[in-house]
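So this block is upload31.cif, mmCIF, C-alpha atoms:
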```cif
data_run
#
loop_
_atom_site.label_atom_id
_atom_site.label_comp_id
_atom_site.auth_asym_id
_atom_site.auth_seq_id
_atom_site.Cartn_x
_atom_site.Cartn_y
_atom_site.Cartn_z
CA SER A 1 -12.98 -37.29 36.05
CA HIS A 2 -12.62 -38.65 39.56
CA SER A 3 -11.84 -41.94 41.21
CA TYR A 4 -14.51 -43.20 43.56
CA SER A 5 -15.18 -45.80 46.21
CA GLY A 6 -18.12 -46.80 48.37
CA GLU A 7 -21.66 -46.98 47.11
CA ILE A 8 -22.58 -44.29 44.60
CA THR A 9 -25.75 -43.72 42.63
CA ILE A 10 -25.87 -41.19 39.80
CA ASN A 11 -29.44 -40.27 38.96
CA GLY A 12 -29.42 -38.40 35.69
CA ASN A 13 -33.18 -37.79 35.76
CA ASN A 14 -33.10 -37.92 31.94
CA HIS A 15 -30.61 -35.07 31.75
CA THR A 16 -28.07 -34.82 28.95
CA ILE A 17 -24.47 -33.80 29.54
CA SER A 18 -23.01 -32.19 26.41
CA LYS A 19 -19.53 -31.04 25.39
CA LEU A 20 -17.79 -33.37 27.85
CA ASN A 21 -14.06 -33.53 27.06
CA LYS A 22 -12.98 -36.20 29.53
CA PRO A 23 -14.53 -39.33 31.02
CA LEU A 24 -17.31 -38.89 33.55
CA LEU A 25 -15.47 -41.12 36.06
CA ALA A 26 -11.85 -42.22 36.02
CA GLY A 27 -12.29 -45.47 37.87
CA ASN A 28 -12.75 -47.20 41.15
CA ALA A 29 -11.14 -49.38 43.75
CA ALA A 30 -14.13 -50.82 45.59
CA GLY A 31 -17.83 -50.30 45.94
CA LYS A 32 -20.94 -50.20 43.83
CA LEU A 33 -21.83 -47.69 41.16
CA THR A 34 -25.31 -47.32 39.71
CA ALA A 35 -25.98 -44.85 36.89
CA ASN A 36 -29.58 -44.16 35.92
CA ASN A 37 -31.27 -42.17 33.15
CA LEU A 38 -28.25 -40.23 31.93
CA THR A 39 -27.14 -39.28 28.42
CA ILE A 40 -23.75 -38.00 27.29
CA ALA A 41 -24.03 -36.30 23.90
CA ASP A 42 -22.04 -34.17 21.46
CA SER A 43 -18.86 -34.86 23.39
CA ASN A 44 -15.25 -35.44 22.33
CA ILE A 45 -13.68 -37.56 25.05
CA GLY A 46 -9.93 -37.91 24.75
CA VAL A 47 -7.40 -40.11 26.46
CA ALA A 48 -7.95 -40.08 30.22
CA ALA A 49 -5.16 -38.71 32.38
CA VAL A 50 -5.39 -41.85 34.50
CA GLU A 51 -5.59 -44.27 31.60
CA ASN A 52 -2.42 -46.11 32.69
CA GLY A 53 -2.87 -48.72 29.99
CA LEU A 54 -6.39 -49.49 31.23
CA GLY A 55 -8.58 -47.56 28.88
CA THR A 56 -10.84 -44.58 28.29
CA GLY A 57 -14.60 -44.85 28.68
CA ALA A 58 -17.12 -42.07 28.24
CA PHE A 59 -18.76 -43.09 31.52
CA ILE A 60 -16.01 -45.07 33.35
CA CYS A 61 -12.40 -45.75 32.42
CA TYR A 62 -11.77 -48.79 34.58
CA MET A 63 -13.19 -51.11 37.23
CA ASP A 64 -11.12 -53.33 39.45
CA ALA A 65 -11.20 -55.26 42.73
CA THR A 66 -14.63 -55.78 44.29
CA THR A 67 -16.61 -53.25 42.34
CA SER A 68 -19.92 -53.75 40.62
CA VAL A 69 -21.56 -51.42 38.16
CA ALA A 70 -25.13 -51.11 36.88
CA PHE A 71 -26.14 -48.84 34.00
CA ASN A 72 -29.87 -48.27 33.51
CA ASP A 73 -31.17 -46.14 30.63
CA CYS A 74 -27.78 -44.56 29.93
CA HIS A 75 -26.81 -43.37 26.47
CA LEU A 76 -23.85 -42.07 24.51
CA VAL A 77 -24.95 -40.08 21.47
CA LYS A 78 -23.07 -38.37 18.64
CA SER A 79 -19.80 -38.46 20.52
CA THR A 80 -16.17 -39.47 19.99
CA VAL A 81 -14.12 -41.55 22.44
CA THR A 82 -10.39 -41.94 21.83
CA GLY A 83 -8.03 -44.13 23.85
CA ASN A 84 -4.46 -45.35 23.78
CA GLU A 85 -4.81 -48.87 25.13
CA ARG A 86 -8.62 -49.11 24.97
CA ALA A 87 -11.74 -47.02 24.32
CA ALA A 88 -15.46 -47.62 24.82
CA GLY A 89 -18.80 -45.94 25.28
CA LEU A 90 -19.48 -47.09 28.84
CA ILE A 91 -16.45 -48.88 30.34
CA GLY A 92 -12.90 -49.00 29.01
CA TYR A 93 -11.63 -51.91 31.10
CA SER A 94 -12.98 -54.15 33.84
CA SER A 95 -11.04 -56.67 35.89
CA ALA A 96 -13.49 -56.61 38.80
CA ASN A 97 -14.55 -59.95 40.24
CA THR A 98 -18.20 -59.00 40.69
CA SER A 99 -20.55 -57.87 37.92
CA VAL A 100 -21.50 -55.43 35.21
CA SER A 101 -25.16 -54.89 34.33
CA ILE A 102 -26.26 -52.79 31.35
CA LYS A 103 -30.01 -52.36 30.75
CA ASP A 104 -31.95 -50.17 28.33
CA CYS A 105 -28.78 -48.45 27.17
CA SER A 106 -27.54 -47.32 23.78
CA VAL A 107 -24.57 -46.00 21.85
CA GLU A 108 -25.75 -44.06 18.82
CA GLY A 109 -23.86 -42.27 16.06
CA CYS A 110 -20.48 -42.39 17.80
CA THR A 111 -16.85 -42.91 16.79
CA ILE A 112 -14.77 -45.01 19.18
CA THR A 113 -11.08 -45.48 18.39
CA ALA A 114 -8.02 -46.86 20.16
CA VAL A 115 -4.76 -48.58 19.37
CA GLY A 116 -5.91 -51.57 21.43
CA GLY A 117 -9.34 -52.80 22.40
CA THR A 118 -12.53 -51.00 21.48
CA GLY A 119 -16.23 -51.64 22.04
CA GLY A 120 -19.50 -49.79 21.83
CA PHE A 121 -20.27 -50.54 25.47
CA ILE A 122 -17.12 -52.20 26.88
CA ALA A 123 -13.64 -52.47 25.37
CA TYR A 124 -12.22 -55.26 27.55
CA SER A 125 -13.87 -57.20 30.36
CA GLN A 126 -12.68 -59.96 32.65
CA THR A 127 -15.90 -59.50 34.64
CA PRO A 128 -19.25 -61.30 34.19
CA VAL A 129 -21.45 -59.00 32.10
CA ASP A 130 -25.20 -58.92 31.45
CA ILE A 131 -26.48 -56.60 28.71
CA THR A 132 -30.26 -56.39 28.27
CA ASN A 133 -32.60 -54.48 25.91
CA SER A 134 -29.74 -52.38 24.57
CA GLU A 135 -28.39 -51.33 21.18
CA VAL A 136 -25.40 -49.97 19.32
CA THR A 137 -26.32 -48.15 16.11
CA GLY A 138 -24.59 -46.04 13.49
CA THR A 139 -21.28 -46.25 15.30
CA THR A 140 -17.71 -46.74 14.08
CA VAL A 141 -15.55 -48.87 16.36
CA GLU A 142 -11.89 -49.17 15.39
CA SER A 143 -8.77 -50.84 16.75
CA THR A 144 -5.66 -49.67 14.91
CA GLU A 145 -3.16 -52.19 16.32
CA ASP A 146 -1.93 -54.71 13.74
CA ARG A 147 -3.58 -57.99 14.73
CA THR A 148 -2.40 -60.08 11.78
CA GLY A 149 -2.41 -63.72 12.88
CA LYS A 150 -4.09 -62.77 16.17
CA THR A 151 -7.62 -62.28 17.50
CA ALA A 152 -9.68 -59.17 16.90
CA LEU A 153 -9.85 -56.43 19.56
CA ALA A 154 -12.78 -54.33 18.29
CA GLY A 155 -16.45 -55.24 18.60
CA ALA A 156 -19.66 -53.28 18.13
CA VAL A 157 -20.91 -54.17 21.63
CA MET A 158 -17.78 -55.50 23.37
CA GLY A 159 -14.20 -55.78 22.21
CA THR A 160 -13.03 -58.62 24.47
CA VAL A 161 -15.32 -60.97 26.39
CA GLY A 162 -13.20 -62.49 29.16
CA ALA A 163 -15.84 -63.96 31.50
CA ASP A 164 -19.37 -65.34 31.34
CA THR A 165 -21.41 -62.79 29.39
CA THR A 166 -25.08 -62.69 28.40
CA PHE A 167 -26.71 -60.53 25.73
CA ASP A 168 -30.52 -60.50 26.03
CA ASN A 169 -32.26 -58.56 23.28
CA VAL A 170 -29.10 -56.73 22.27
CA THR A 171 -29.20 -55.32 18.75
CA VAL A 172 -26.65 -53.76 16.42
CA SER A 173 -27.30 -51.90 13.19
CA GLY A 174 -25.46 -49.62 10.79
CA ASN A 175 -22.12 -49.99 12.55
CA THR A 176 -18.64 -50.11 11.08
CA VAL A 177 -16.19 -52.31 12.98
CA LYS A 178 -12.54 -52.10 11.95
CA ASN A 179 -9.97 -54.64 13.11
CA THR A 180 -6.53 -54.30 11.55
CA GLY A 181 -5.49 -57.69 10.16
CA ALA A 182 -8.09 -59.72 12.06
CA THR A 183 -11.75 -60.64 11.70
CA ALA A 184 -14.21 -60.04 14.55
CA TYR A 185 -15.76 -63.04 16.30
CA SER A 186 -19.24 -61.77 15.37
CA ASP A 187 -21.11 -58.60 14.47
CA MET A 188 -21.24 -57.80 18.21
CA VAL A 189 -17.96 -59.00 19.74
CA GLY A 190 -14.31 -58.76 18.78
CA ARG A 191 -13.15 -61.91 20.57
CA VAL A 192 -13.97 -64.29 23.41
CA THR A 193 -10.92 -65.18 25.53
CA ALA A 194 -12.61 -66.80 28.54
CA GLY A 195 -16.06 -67.63 29.83
CA THR A 196 -19.15 -68.30 27.74
CA LEU A 197 -20.99 -65.77 25.58
CA THR A 198 -24.73 -66.42 25.60
CA ILE A 199 -26.98 -64.54 23.16
CA LYS A 200 -30.72 -64.61 23.75
#
```
Rewrite the coordinates I just gave you, this time as structure tokens.
Amino acid sequence: SHSYSGEITINGNNHTISKLNKPLLAGNAAGKLTANNLTIADSNIGVAAVENGLGTGAFICYMDATTSVAFNDCHLVKSTVTGNERAAGLIGYSSANTSVSIKDCSVEGCTITAVGGTGGFIAYSQTPVDITNSEVTGTTVESTEDRTGKTALAGAVMGTVGADTTFDNVTVSGNTVKNTGATAYSDMVGRVTAGTLTIK
């Protein structure tokens, strides 16, 4: 897994990467990342070396500063993602002040587990997010931290929504979401801490 900056496009051309044992990308400082037509399958992605309390994502661990990310037709299938602070299928953590776009993507038959935040697509975001025509199915998402008397950290689609977020034709089915001592905000989201969640 590597850090990156500048403008990068990953064209998967419908290829599948199997047996990955670490995140595809560690994270970024600035720039724009676009990932197209790529599937990660049959992988067991452990805690990233660079996690630093930010999170582990199968595709990206963290986004910060002026980065923006777009995922188009990207999928995580029959894989496990494990994190300390956070874990997710696409992005562990985002504090970027730009945008995240997820279109025609899916997480299918996965197990995503962390002590802290967890989400099918994103564990924790302070960035405006748009998710369109995407689904999380047959996936177990678990946060093991004791959240008794607090808000939930695990969500099937996103763990924490921390900025304006829109779900347009986003579906969930057959998932198991486990929050220790807390109840999730909905069947898609663990909690909303800032911004407005709009579901279309």
Segment 132-154 of chain A residues near segment 178-181 of chain A within 12 Å, closest pair each, using only C-alpha atoms, as a tab-separated table:
```
residue	atom	partner	partner_atom	distance
A:Thr139	CA	A:Lys178	CA	11.0
A:Thr140	CA	A:Lys178	CA	7.7
A:Val141	CA	A:Lys178	CA	6.2
A:Glu142	CA	A:Lys178	CA	4.6
A:Ser143	CA	A:Asn179	CA	5.4
A:Thr144	CA	A:Thr180	CA	5.8
A:Glu145	CA	A:Thr180	CA	6.2
A:Asp146	CA	A:Thr180	CA	5.1
A:Arg147	CA	A:Gly181	CA	5.0
A:Thr148	CA	A:Gly181	CA	4.2
A:Gly149	CA	A:Gly181	CA	7.3
A:Lys150	CA	A:Gly181	CA	8.0
A:Thr151	CA	A:Gly181	CA	8.9
A:Ala152	CA	A:Asn179	CA	5.9
A:Leu153	CA	A:Asn179	CA	6.7
A:Ala154	CA	A:Asn179	CA	5.9
```
Go ahead and save the picked residues with C-alpha atoms, as a PDB file, in the frame of the given file.
```
ATOM      1  CA  THR A 139     -21.280 -46.250  15.300  1.00  0.00           C
ATOM      2  CA  THR A 140     -17.710 -46.740  14.080  1.00  0.00           C
ATOM      3  CA  VAL A 141     -15.550 -48.870  16.360  1.00  0.00           C
ATOM      4  CA  GLU A 142     -11.890 -49.170  15.390  1.00  0.00           C
ATOM      5  CA  SER A 143      -8.770 -50.840  16.750  1.00  0.00           C
ATOM      6  CA  THR A 144      -5.660 -49.670  14.910  1.00  0.00           C
ATOM      7  CA  GLU A 145      -3.160 -52.190  16.320  1.00  0.00           C
ATOM      8  CA  ASP A 146      -1.930 -54.710  13.740  1.00  0.00           C
ATOM      9  CA  ARG A 147      -3.580 -57.990  14.730  1.00  0.00           C
ATOM     10  CA  THR A 148      -2.400 -60.080  11.780  1.00  0.00           C
ATOM     11  CA  GLY A 149      -2.410 -63.720  12.880  1.00  0.00           C
ATOM     12  CA  LYS A 150      -4.090 -62.770  16.170  1.00  0.00           C
ATOM     13  CA  THR A 151      -7.620 -62.280  17.500  1.00  0.00           C
ATOM     14  CA  ALA A 152      -9.680 -59.170  16.900  1.00  0.00           C
ATOM     15  CA  LEU A 153      -9.850 -56.430  19.560  1.00  0.00           C
ATOM     16  CA  ALA A 154     -12.780 -54.330  18.290  1.00  0.00           C
TER      17      ALA A 154
END
```
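Using all atoms listed in the file, the nearest neighbour of Gly116 of chain A within the list A:Gly138, A:Gly162, A:Gly27, A:Gly92 is A:Gly92.
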Would you be able to write out as a VMD selection string which residues have an atom within 8 Å of (-18.7, -52.7, 22.5) in the file's coordinates, counting all atoms listed in the file? chain A and resid 88 to 89 118 to 123 136 141 154 to 159 188 to 189
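Remark: for Ala41 of chain A, the closest of the candidate residues A:Val129, A:Leu20, A:Val77, A:Ile10 is A:Val77 (distances computed over all atoms listed in the file).
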So that each row is one residue of segment 86-145 of chain A with an atom at most 8 Å from segment 54-74 of chain A, can you give its shortest atom pair and the distance in Å to one decimal, using all atoms listed in the file, rows by chain and rising number, as a tab-separated table?
```
residue	atom	partner	partner_atom	distance
A:Arg86	CA	A:Gly55	CA	4.2
A:Ala87	CA	A:Thr56	CA	4.7
A:Ala88	CA	A:Gly57	CA	4.8
A:Gly89	CA	A:Ala58	CA	5.2
A:Leu90	CA	A:Phe59	CA	4.9
A:Ile91	CA	A:Gly57	CA	4.7
A:Gly92	CA	A:Gly57	CA	4.5
A:Tyr93	CA	A:Tyr62	CA	4.7
A:Ser94	CA	A:Met63	CA	4.6
A:Ser95	CA	A:Asp64	CA	4.9
A:Ala96	CA	A:Asp64	CA	4.1
A:Asn97	CA	A:Thr66	CA	5.8
A:Thr98	CA	A:Ser68	CA	5.5
A:Ser99	CA	A:Ser68	CA	5.0
A:Val100	CA	A:Val69	CA	5.0
A:Ser101	CA	A:Ala70	CA	4.6
A:Ile102	CA	A:Phe71	CA	4.8
A:Lys103	CA	A:Asn72	CA	4.9
A:Asp104	CA	A:Asp73	CA	4.7
A:Cys105	CA	A:Asp73	CA	4.8
A:Ser106	CA	A:Cys74	CA	6.7
A:Ile122	CA	A:Gly57	CA	8.0
A:Ala123	CA	A:Gly55	CA	7.9
```
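In this model, the gap between atom CA of Thr82 of chain A and atom CA of Val115 of chain A comes to 9.0 Å.
By all atoms listed in the file, and with residues fewer than 5 positions from Thr39 of chain A along its chain excluded, the set lying at most 8 Å from it is Gly12, Asn14, His15, Thr16, Ile17, Cys74, His75, Leu76 and Val77 of chain A.
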Could you jot down the atom CA of Ser18 of chain A to atom CA of Asp130 of chain A separation for me, Å, one decimal place? 27.3 Å
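When all atoms listed in the file are used to compute distances to Thr111 of chain A, the closest of the residues A:Thr198, A:Ser173, A:Asn37, A:Asn44 turns out to be A:Asn44.
Nearest to Val161 of chain A of all the residues A:Asn21, A:Thr80, A:Thr127, A:Asn11 is A:Thr127, based on only C-alpha atoms.
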